[in-house]
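K.L.:
The file below is protein.cif, mmCIF, C-alpha atoms (C1' of nucleotides):
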data_query
loop_
_atom_site.group_PDB
_atom_site.id
_atom_site.type_symbol
_atom_site.label_atom_id
_atom_site.label_comp_id
_atom_site.auth_asym_id
_atom_site.auth_seq_id
_atom_site.Cartn_x
_atom_site.Cartn_y
_atom_site.Cartn_z
ATOM 1 C CA MET O 963 7.732 4.325 -18.144
ATOM 2 C CA ASP O 964 6.896 0.992 -19.591
ATOM 3 C CA ARG O 965 10.492 -0.071 -19.113
ATOM 4 C CA ALA O 966 10.234 0.679 -15.420
ATOM 5 C CA SER O 967 8.917 -2.274 -13.505
ATOM 6 C CA PHE O 968 5.880 -1.894 -11.358
ATOM 7 C CA TYR O 969 8.207 -1.495 -8.419
ATOM 8 C CA GLU O 970 10.130 1.325 -10.042
ATOM 9 C CA GLN O 971 6.942 3.127 -10.873
ATOM 10 C CA VAL O 972 5.884 2.929 -7.263
ATOM 11 C CA TYR O 973 9.246 4.213 -6.100
ATOM 12 C CA GLN O 974 9.039 7.214 -8.367
ATOM 13 C CA VAL O 975 5.560 8.168 -7.252
ATOM 14 C CA VAL O 976 6.467 7.821 -3.595
ATOM 15 C CA ARG O 977 9.534 9.963 -4.134
ATOM 16 C CA LEU O 978 7.275 12.679 -5.536
ATOM 17 C CA ILE O 979 5.302 12.862 -2.334
ATOM 18 C CA PRO O 980 5.860 16.353 -0.915
ATOM 19 C CA LYS O 981 7.227 16.705 2.568
ATOM 20 C CA GLY O 982 4.532 16.798 5.194
ATOM 21 C CA ARG O 983 2.133 14.847 3.019
ATOM 22 C CA VAL O 984 1.038 11.235 2.983
ATOM 23 C CA THR O 985 -0.821 8.932 0.655
ATOM 24 C CA SER O 986 -2.294 5.476 0.617
ATOM 25 C CA TYR O 987 -1.168 2.356 -1.211
ATOM 26 C CA GLY O 988 -4.442 2.164 -3.055
ATOM 27 C CA ALA O 989 -4.054 5.746 -4.282
ATOM 28 C CA ILE O 990 -0.679 4.935 -5.803
ATOM 29 C CA ALA O 991 -1.917 1.683 -7.252
ATOM 30 C CA SER O 992 -4.894 3.448 -8.741
ATOM 31 C CA TYR O 993 -2.634 6.114 -10.222
ATOM 32 C CA LEU O 994 -0.532 3.418 -11.825
ATOM 33 C CA GLY O 995 -3.721 1.993 -13.249
ATOM 34 C CA THR O 996 -3.610 -1.187 -11.231
ATOM 35 C CA LYS O 997 -5.918 -0.616 -8.344
ATOM 36 C CA GLY O 998 -6.048 -4.302 -7.615
ATOM 37 C CA SER O 999 -2.322 -4.365 -7.040
ATOM 38 C CA SER O 1000 -2.566 -2.211 -3.945
ATOM 39 C CA ARG O 1001 -0.702 -4.920 -2.047
ATOM 40 C CA MET O 1002 2.111 -4.816 -4.518
ATOM 41 C CA VAL O 1003 2.632 -1.140 -3.771
ATOM 42 C CA GLY O 1004 3.457 -1.921 -0.196
ATOM 43 C CA TYR O 1005 5.315 -5.023 -1.185
ATOM 44 C CA ALA O 1006 7.417 -2.954 -3.554
ATOM 45 C CA MET O 1007 8.445 -0.864 -0.598
ATOM 46 C CA ASN O 1008 10.362 -3.830 0.642
ATOM 47 C CA GLY O 1009 13.199 -2.470 -1.428
ATOM 48 C CA ALA O 1010 12.599 1.122 -0.389
ATOM 49 C CA GLY O 1011 15.702 1.151 1.751
ATOM 50 C CA THR O 1012 17.700 -1.000 -0.635
ATOM 51 C CA ILE O 1013 17.361 1.162 -3.719
ATOM 52 C CA SER O 1014 18.684 4.592 -4.577
ATOM 53 C CA PRO O 1015 17.700 7.177 -3.856
ATOM 54 C CA LYS O 1016 15.926 6.109 -0.749
ATOM 55 C CA VAL O 1017 12.148 6.134 -0.901
ATOM 56 C CA PRO O 1018 10.168 7.996 1.784
ATOM 57 C CA ALA O 1019 8.088 4.966 2.561
ATOM 58 C CA HIS O 1020 7.089 6.560 5.827
ATOM 59 C CA ARG O 1021 4.843 8.859 3.825
ATOM 60 C CA VAL O 1022 2.846 5.930 2.567
ATOM 61 C CA VAL O 1023 0.221 4.386 4.779
ATOM 62 C CA ASN O 1024 -2.911 2.349 4.350
ATOM 63 C CA ARG O 1025 -6.294 3.850 3.656
ATOM 64 C CA ASN O 1026 -6.988 4.266 7.379
ATOM 65 C CA GLY O 1027 -3.890 6.394 7.811
ATOM 66 C CA LEU O 1028 -2.495 3.636 9.994
ATOM 67 C CA LEU O 1029 1.253 2.995 9.948
ATOM 68 C CA THR O 1030 0.890 -0.569 8.840
ATOM 69 C CA GLY O 1031 4.395 -0.761 7.435
ATOM 70 C CA LYS O 1032 6.186 0.558 10.464
ATOM 71 C CA PHE O 1033 7.202 -2.983 11.321
ATOM 72 C CA HIS O 1034 9.368 -3.038 8.232
ATOM 73 C CA PHE O 1035 11.383 -0.050 9.335
ATOM 74 C CA SER O 1036 14.577 -0.178 11.297
ATOM 75 C CA SER O 1037 12.652 0.629 14.409
ATOM 76 C CA LEU O 1038 9.000 0.605 15.258
ATOM 77 C CA THR O 1039 9.206 4.299 16.099
ATOM 78 C CA ALA O 1040 11.287 5.299 13.066
ATOM 79 C CA MET O 1041 8.289 5.755 10.823
ATOM 80 C CA GLN O 1042 6.298 7.703 13.358
ATOM 81 C CA ASP O 1043 9.280 9.839 14.226
ATOM 82 C CA LEU O 1044 9.915 10.700 10.593
ATOM 83 C CA LEU O 1045 6.309 11.718 10.082
ATOM 84 C CA GLU O 1046 6.309 13.894 13.167
ATOM 85 C CA LYS O 1047 9.494 15.555 11.986
ATOM 86 C CA GLU O 1048 7.701 16.525 8.812
ATOM 87 C CA GLY O 1049 4.911 18.145 10.773
ATOM 88 C CA ILE O 1050 2.503 15.223 10.662
ATOM 89 C CA LYS O 1051 0.958 14.326 13.962
ATOM 90 C CA VAL O 1052 0.818 10.639 14.717
ATOM 91 C CA SER O 1053 -1.102 9.173 17.575
ATOM 92 C CA ASP O 1054 -1.379 5.490 18.333
ATOM 93 C CA ASP O 1055 0.396 4.509 15.094
ATOM 94 C CA LYS O 1056 -2.250 6.439 13.213
ATOM 95 C CA ILE O 1057 -1.964 9.766 11.379
ATOM 96 C CA SER O 1058 -4.029 12.608 12.803
ATOM 97 C CA ASP O 1059 -6.034 14.557 10.241
ATOM 98 C CA PHE O 1060 -5.008 11.979 7.691
ATOM 99 C CA LYS O 1061 -7.454 13.463 5.244
ATOM 100 C CA THR O 1062 -5.816 16.857 5.638
ATOM 101 C CA HIS O 1063 -2.309 15.551 4.932
ATOM 102 C CA PHE O 1064 -3.502 13.203 2.229
ATOM 103 C CA TRP O 1065 -1.746 13.580 -1.128
ATOM 104 C CA ASP O 1066 -3.375 11.949 -4.103
ATOM 105 C CA PRO O 1067 -1.028 11.401 -7.074
ATOM 106 C CA ALA O 1068 -3.992 10.863 -9.341
ATOM 107 C CA ILE O 1069 -4.899 14.488 -8.692
ATOM 108 C CA GLU O 1070 -1.699 16.302 -7.785
ATOM 109 C CA LEU O 1071 0.417 14.786 -10.529
ATOM 110 C CA ASP O 1072 -2.344 14.935 -13.064
ATOM 111 C CA LEU O 1073 -2.542 18.706 -12.695
ATOM 112 C CA GLU O 1074 1.077 19.156 -13.717
ATOM 113 C CA ARG O 1075 0.662 16.922 -16.688
ATOM 114 C "C1'" DA Y 413 4.525 -22.505 -16.605
ATOM 115 C "C1'" DT Y 414 2.321 -23.050 -11.718
ATOM 116 C "C1'" DG Y 415 1.876 -21.851 -6.916
ATOM 117 C "C1'" DT Y 416 2.691 -18.878 -2.931
ATOM 118 C "C1'" DT Y 417 2.986 -14.503 -0.897
ATOM 119 C "C1'" DG Y 418 1.904 -9.837 0.385
ATOM 120 C "C1'" DA Y 419 3.740 -2.492 4.107
ATOM 121 C "C1'" DC Y 420 -4.099 -3.380 0.728
ATOM 122 C "C1'" DT Y 421 -9.117 -2.557 -0.287
ATOM 123 C "C1'" DT Y 422 -13.866 -3.344 -0.237
ATOM 124 C "C1'" DG Y 423 -18.093 -5.467 0.951
ATOM 125 C "C1'" DG Y 424 -21.137 -8.092 3.832
ATOM 126 C "C1'" DA Y 425 -22.824 -9.611 8.699
ATOM 127 C "C1'" DG N 550 -19.379 1.458 14.865
ATOM 128 C "C1'" DT N 551 -16.537 -3.338 14.561
ATOM 129 C "C1'" DC N 552 -15.159 -8.098 12.707
ATOM 130 C "C1'" DC N 553 -14.598 -11.700 9.006
ATOM 131 C "C1'" DA N 554 -13.936 -13.169 4.365
ATOM 132 C "C1'" DA N 555 -12.857 -12.636 -0.476
ATOM 133 C "C1'" DG N 556 -10.531 -10.281 -4.377
ATOM 134 C "C1'" DC N 557 -7.066 -8.222 -6.775
ATOM 135 C "C1'" DC N 558 -2.335 -8.135 -9.395
ATOM 136 C "C1'" DA N 559 2.728 -8.516 -9.720
ATOM 137 C "C1'" DA N 560 7.152 -10.462 -8.316
ATOM 138 C "C1'" DC N 561 9.677 -14.565 -6.635
ATOM 139 C "C1'" DA N 562 10.975 -19.679 -6.059
#
If you took the structure in this file and wrote it as structure tokens, what would it be?

P.N.:
Amino acid sequence: MDRASFYEQVYQVVRLIPKGRVTSYGAIASYLGTKGSSRMVGYAMNGAGTISPKVPAHRVVNRNGLLTGKFHFSSLTAMQDLLEKEGIKVSDDKISDFKTHFWDPAIELDLER
DNA sequence: ATGTTGACTTGGA
DNA sequence: GTCCAAGCCAACA
């Protein structure tokens, strides 16, 4: 784990996000122990499509459940479309029932450990 | 080593 | 409820 850079750690956590679930950058950052680096979580996603395997960055949104990173996708509707395909309703670039679909690594992953 | 940047978060008005 | 400002940490030039 220590060998993995902060970016790699973020990638792994995001990859563990179950289908139909979403989480926030702060939740991942907090799980990694660096809550203050919430921005880095999103910034790390810059390589989401350049690394392997691909990271489901569309499942990661800001604390408001708003698709803030959709501008970084191929298309502005790509992120929303992917979420809808997974059963998540998105309206006005914002996830409906965000709290219901929320997936907290600090809790979900901690249970398996 | 220093400075800038950033797909965020939180707190105050 | 909304809007503005500051803080935080890691990677990159």

K.L.:
Could you work out which residues of chain O fall inside 6 Å of chain Y? Count only C-alpha atoms (C1' of nucleotides), and format the result as an mmCIF file with C-alpha atoms, in the coordinates of the input.

P.N.:
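Just written: result11.cif:
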data_model
loop_
_atom_site.group_PDB
_atom_site.id
_atom_site.type_symbol
_atom_site.label_atom_id
_atom_site.label_comp_id
_atom_site.auth_asym_id
_atom_site.auth_seq_id
_atom_site.Cartn_x
_atom_site.Cartn_y
_atom_site.Cartn_z
ATOM 1 C CA SER O 1000 -2.566 -2.211 -3.945
ATOM 2 C CA ARG O 1001 -0.702 -4.920 -2.047
ATOM 3 C CA GLY O 1004 3.457 -1.921 -0.196
ATOM 4 C CA THR O 1030 0.890 -0.569 8.840
ATOM 5 C CA GLY O 1031 4.395 -0.761 7.435
#

K.L.:
Determine the nearest neighbour of chain N from the options O:Asn1008, O:Gln974, O:Ser986, O:Thr996, counting all atoms listed in the file.

P.N.:
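For chain N, the nearest of the given residues is O:Thr996.
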
K.L.:
Listing only residues of chain O within 12 Å of chain N, what is the closest atom pair and its distance in Å (to one decimal) for each, using all atoms listed in the file, sorted by chain and residue number ascending, as a Markdown table?

P.N.:
| residue | atom | partner | partner_atom | distance |
| --- | --- | --- | --- | --- |
| O:Ser967 | CA | N:DA559 | C1' | 9.6 |
| O:Phe968 | CA | N:DA559 | C1' | 7.5 |
| O:Tyr969 | CA | N:DA559 | C1' | 9.0 |
| O:Gly988 | CA | N:DC557 | C1' | 11.3 |
| O:Ala991 | CA | N:DC558 | C1' | 10.1 |
| O:Ser992 | CA | N:DC558 | C1' | 11.9 |
| O:Leu994 | CA | N:DC558 | C1' | 11.9 |
| O:Gly995 | CA | N:DC558 | C1' | 10.9 |
| O:Thr996 | CA | N:DC558 | C1' | 7.3 |
| O:Lys997 | CA | N:DC557 | C1' | 7.9 |
| O:Gly998 | CA | N:DC557 | C1' | 4.1 |
| O:Ser999 | CA | N:DC558 | C1' | 4.4 |
| O:Ser1000 | CA | N:DC557 | C1' | 8.0 |
| O:Arg1001 | CA | N:DC558 | C1' | 8.2 |
| O:Met1002 | CA | N:DA559 | C1' | 6.4 |
| O:Val1003 | CA | N:DA559 | C1' | 9.5 |
| O:Gly1004 | CA | N:DA559 | C1' | 11.6 |
| O:Tyr1005 | CA | N:DA560 | C1' | 9.2 |
| O:Ala1006 | CA | N:DA560 | C1' | 8.9 |
| O:Asn1008 | CA | N:DA560 | C1' | 11.6 |

K.L.:
To one decimal place, how far is atom CA of O:Leu978 from atom CA of O:Lys1032 in Å?

P.N.:
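A separation of 20.1 Å between them.
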
K.L.:
Which value, in Å to one decimal, gives the distance between atom CA of O:Glu970 and atom CA of O:Phe1060?

P.N.:
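Computing the Euclidean distance for atom CA of O:Glu970 and atom CA of O:Phe1060 yields 25.6 Å.
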
K.L.:
Take atom CA of O:Asn1026 and atom CA of O:Ser1014 and report the distance between them in Å, one decimal.

P.N.:
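Straight-line distance from atom CA of O:Asn1026 to atom CA of O:Ser1014 works out to 28.3 Å.
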
K.L.:
For a cutoff of 12 Å around the file-coordinate point (0.4, 10.4, 12.3), which residues qualify once you count all atoms listed in the file? I'd like the result as an MDAnalysis selection string.

P.N.:
chainID O and resid 982:985 1020:1024 1026:1030 1032 1039 1041:1064

K.L.:
Would you compute, for all listed atoms of stretch 550-557 of chain N, the axis-aligned bounding box grown by 4 Å on each side, and then report its centre and edge lengths in Å rounded to one decimal, as lines of an AutoDock Vina configuration file?

P.N.:
center_x = -13.2
center_y = -5.9
center_z = 4.0
size_x = 20.3
size_y = 22.6
size_z = 29.6
